[in-house]
Amino acid sequence: MSTAKQTKRTPSKGSSNTYDKTKKSARRQIAAVLTFAAAVFLLFLVFIRGQNVWSIMHNFLFGLFGVCTYIWPFLLGYVAVMTALDKPIGKTGTKVWQSAVLIILICAAVDIIRASGIDSAFGEYIVSAYNTGVGNVGGGFFGAVVGWPIYHLFGRTGAIITIILLIFIFFMLITGMT
């Protein structure tokens, strides 16, 4: 029987770095799968009216985002695919909230360009925008919340220019294009 002293091995700096990269990659893949699942769920929720709670969720999404609701599943799908491919687009959570801002800005653009009833009081306009959003018209609640103040601050032409510039900026952030 040998009573040799065992030495404790410490991982070298290179193997620790490899472990961290593997761990980050695994987290990114999990985020990609969850984001893709959310995109597929939203795809069905948006395109199928359904019944009961499903119909309520469908109408709620359209009330919030209007016609821009159709963009959600595709944008989330894009983020999921880029995450799965380990493209250097940044953190998945950051891309999801940037996507949300982009969609809200597009909702505001639809609202500003449509400009139907935008001269009414803010509260009335938001309620009207939600209801027309449920009917697949306009930019919905978020389009009204963002579009109404921009329209009243800059006027129609200035608001359109401003909102298109903001959409362009967020599109560049999401895609990583320069």
# chains A, B, ... in the order shown; residues from 1 in each chain; ligands from 1

$ residues_around --residues "Ser128 (chain A)" --least-positions-apart "5" --cutoff "12 Å" --atoms "only C-alpha atoms" --output "VMD selection string"
chain A and resid 63 to 64 66 111 116 to 118 120 to 123 133 to 135 137 to 145

$ write_last_selection --atoms "all heavy atoms" --output "compact mmCIF listing (two decimals), in the first residue's frame"
# COMPACT_ATOMS: atom_id res chain seq x y z
N GLY A 63 -54.49 45.26 -29.29
CA GLY A 63 -54.83 46.52 -28.64
C GLY A 63 -53.59 47.30 -28.25
O GLY A 63 -53.55 48.53 -28.36
N LEU A 64 -52.55 46.60 -27.82
CA LEU A 64 -51.31 47.26 -27.41
C LEU A 64 -50.48 47.74 -28.60
O LEU A 64 -49.94 48.84 -28.59
CB LEU A 64 -50.46 46.32 -26.55
CG LEU A 64 -50.99 45.98 -25.17
CD1 LEU A 64 -50.05 45.01 -24.48
CD2 LEU A 64 -51.19 47.23 -24.33
N GLY A 66 -51.38 47.22 -32.19
CA GLY A 66 -52.06 47.42 -33.47
C GLY A 66 -51.52 46.50 -34.55
O GLY A 66 -51.17 45.35 -34.28
N ASP A 111 -49.08 55.36 -36.23
CA ASP A 111 -50.03 56.29 -35.61
C ASP A 111 -49.88 57.71 -36.15
O ASP A 111 -50.87 58.37 -36.44
CB ASP A 111 -49.81 56.26 -34.10
CG ASP A 111 -51.09 56.36 -33.33
OD1 ASP A 111 -52.00 55.56 -33.61
OD2 ASP A 111 -51.18 57.25 -32.47
N SER A 116 -55.31 59.74 -37.57
CA SER A 116 -56.76 59.80 -37.49
C SER A 116 -57.18 60.06 -36.04
O SER A 116 -56.95 59.22 -35.17
CB SER A 116 -57.36 58.47 -37.97
OG SER A 116 -58.74 58.46 -37.81
N GLY A 117 -57.73 61.22 -35.79
CA GLY A 117 -58.17 61.58 -34.45
C GLY A 117 -57.07 61.99 -33.51
O GLY A 117 -57.28 62.12 -32.31
N ILE A 118 -55.87 62.23 -34.04
CA ILE A 118 -54.72 62.53 -33.19
C ILE A 118 -54.84 63.91 -32.54
O ILE A 118 -54.14 64.22 -31.59
CB ILE A 118 -53.40 62.39 -33.98
CG1 ILE A 118 -52.23 62.15 -33.03
CG2 ILE A 118 -53.17 63.59 -34.88
CD1 ILE A 118 -51.00 61.60 -33.68
N SER A 120 -57.41 64.89 -30.88
CA SER A 120 -58.26 64.80 -29.68
C SER A 120 -57.40 64.79 -28.43
O SER A 120 -56.17 64.74 -28.49
CB SER A 120 -59.13 63.54 -29.76
OG SER A 120 -58.35 62.39 -29.83
N ALA A 121 -58.05 64.84 -27.27
CA ALA A 121 -57.34 64.83 -26.00
C ALA A 121 -56.57 63.52 -25.84
O ALA A 121 -56.96 62.47 -26.36
CB ALA A 121 -58.33 65.00 -24.85
N PHE A 122 -55.47 63.58 -25.10
CA PHE A 122 -54.56 62.44 -24.94
C PHE A 122 -55.29 61.20 -24.43
O PHE A 122 -55.15 60.11 -25.01
CB PHE A 122 -53.41 62.83 -24.01
CG PHE A 122 -52.37 61.76 -23.84
CD1 PHE A 122 -51.58 61.38 -24.92
CD2 PHE A 122 -52.17 61.14 -22.62
CE1 PHE A 122 -50.61 60.40 -24.77
CE2 PHE A 122 -51.21 60.16 -22.46
CZ PHE A 122 -50.42 59.80 -23.55
N GLY A 123 -56.04 61.31 -23.36
CA GLY A 123 -56.74 60.16 -22.77
C GLY A 123 -57.73 59.53 -23.74
O GLY A 123 -57.79 58.30 -23.88
N GLY A 133 -56.76 49.36 -32.44
CA GLY A 133 -55.71 48.35 -32.51
C GLY A 133 -56.27 46.94 -32.45
O GLY A 133 -55.82 46.05 -33.17
N VAL A 134 -57.28 46.74 -31.59
CA VAL A 134 -57.94 45.44 -31.50
C VAL A 134 -58.55 45.08 -32.86
O VAL A 134 -58.57 43.91 -33.26
CB VAL A 134 -59.02 45.44 -30.39
CG1 VAL A 134 -59.87 44.18 -30.46
CG2 VAL A 134 -58.37 45.56 -29.02
N GLY A 135 -58.99 46.08 -33.61
CA GLY A 135 -59.54 45.86 -34.94
C GLY A 135 -58.49 45.81 -36.03
O GLY A 135 -58.82 45.96 -37.21
N VAL A 137 -56.15 47.97 -36.81
CA VAL A 137 -55.96 49.26 -37.47
C VAL A 137 -55.09 50.12 -36.57
O VAL A 137 -55.26 50.14 -35.36
CB VAL A 137 -57.33 49.96 -37.72
CG1 VAL A 137 -57.13 51.31 -38.38
CG2 VAL A 137 -58.24 49.08 -38.55
N GLY A 138 -54.18 50.86 -37.15
CA GLY A 138 -53.37 51.81 -36.38
C GLY A 138 -52.26 51.16 -35.58
O GLY A 138 -51.94 49.99 -35.73
N GLY A 139 -51.67 51.96 -34.71
CA GLY A 139 -50.51 51.54 -33.93
C GLY A 139 -50.83 51.09 -32.53
O GLY A 139 -49.93 50.84 -31.74
N GLY A 140 -52.11 51.02 -32.17
CA GLY A 140 -52.49 50.54 -30.85
C GLY A 140 -52.14 51.50 -29.74
O GLY A 140 -51.78 52.67 -29.96
N PHE A 141 -52.24 51.00 -28.52
CA PHE A 141 -51.99 51.78 -27.31
C PHE A 141 -50.59 52.40 -27.32
O PHE A 141 -50.43 53.60 -27.09
CB PHE A 141 -52.19 50.87 -26.09
CG PHE A 141 -51.77 51.49 -24.79
CD1 PHE A 141 -52.62 52.34 -24.12
CD2 PHE A 141 -50.53 51.21 -24.24
CE1 PHE A 141 -52.25 52.92 -22.91
CE2 PHE A 141 -50.14 51.78 -23.03
CZ PHE A 141 -51.00 52.63 -22.36
N PHE A 142 -49.56 51.57 -27.56
CA PHE A 142 -48.19 52.08 -27.49
C PHE A 142 -47.90 53.08 -28.61
O PHE A 142 -47.14 54.04 -28.41
CB PHE A 142 -47.17 50.93 -27.53
CG PHE A 142 -47.11 50.17 -26.23
CD1 PHE A 142 -47.43 48.83 -26.19
CD2 PHE A 142 -46.72 50.80 -25.06
CE1 PHE A 142 -47.38 48.12 -25.00
CE2 PHE A 142 -46.66 50.11 -23.87
CZ PHE A 142 -47.00 48.76 -23.83
N GLY A 143 -48.49 52.88 -29.76
CA GLY A 143 -48.33 53.85 -30.84
C GLY A 143 -48.88 55.20 -30.45
O GLY A 143 -48.30 56.24 -30.75
N ALA A 144 -50.02 55.19 -29.75
CA ALA A 144 -50.64 56.44 -29.30
C ALA A 144 -49.82 57.09 -28.19
O ALA A 144 -49.62 58.31 -28.19
CB ALA A 144 -52.06 56.18 -28.81
N VAL A 145 -49.34 56.29 -27.24
CA VAL A 145 -48.59 56.84 -26.11
C VAL A 145 -47.30 57.52 -26.58
O VAL A 145 -46.92 58.57 -26.05
CB VAL A 145 -48.27 55.73 -25.07
CG1 VAL A 145 -47.24 56.18 -24.06
CG2 VAL A 145 -49.54 55.29 -24.36

$ select_by_dssp --residues "chain A" --states "alpha helix (DSSP H)" --output "MDAnalysis selection string"
chainID A and resid 13:47 52:65 72:84 92:114 122:134 140:175

$ closest_residue --among "A:Asn52, A:Thr18, A:Thr35, A:Thr132" --to "Val79 (chain A)" --atoms "only C-alpha atoms"
A:Thr35

$ closest_residue --among "A:Phe62, A:Phe171, A:Tyr130, A:Phe74" --to "Ile106 (chain A)" --atoms "only C-alpha atoms"
A:Phe171

$ atom_distance --atom1 "CA of Thr22 (chain A)" --atom2 "CA of Phe36 (chain A)"
20.8 Å

$ atom_distance --atom1 "CA of Ile104 (chain A)" --atom2 "CA of Val67 (chain A)"
11.1 Å

$ atom_distance --atom1 "CA of Ala80 (chain A)" --atom2 "CA of Cys68 (chain A)"
19.2 Å

$ closest_residue --among "A:Val81, A:Leu43, A:Leu61, A:Cys107" --to "Ile30 (chain A)" --atoms "only C-alpha atoms"
A:Val81
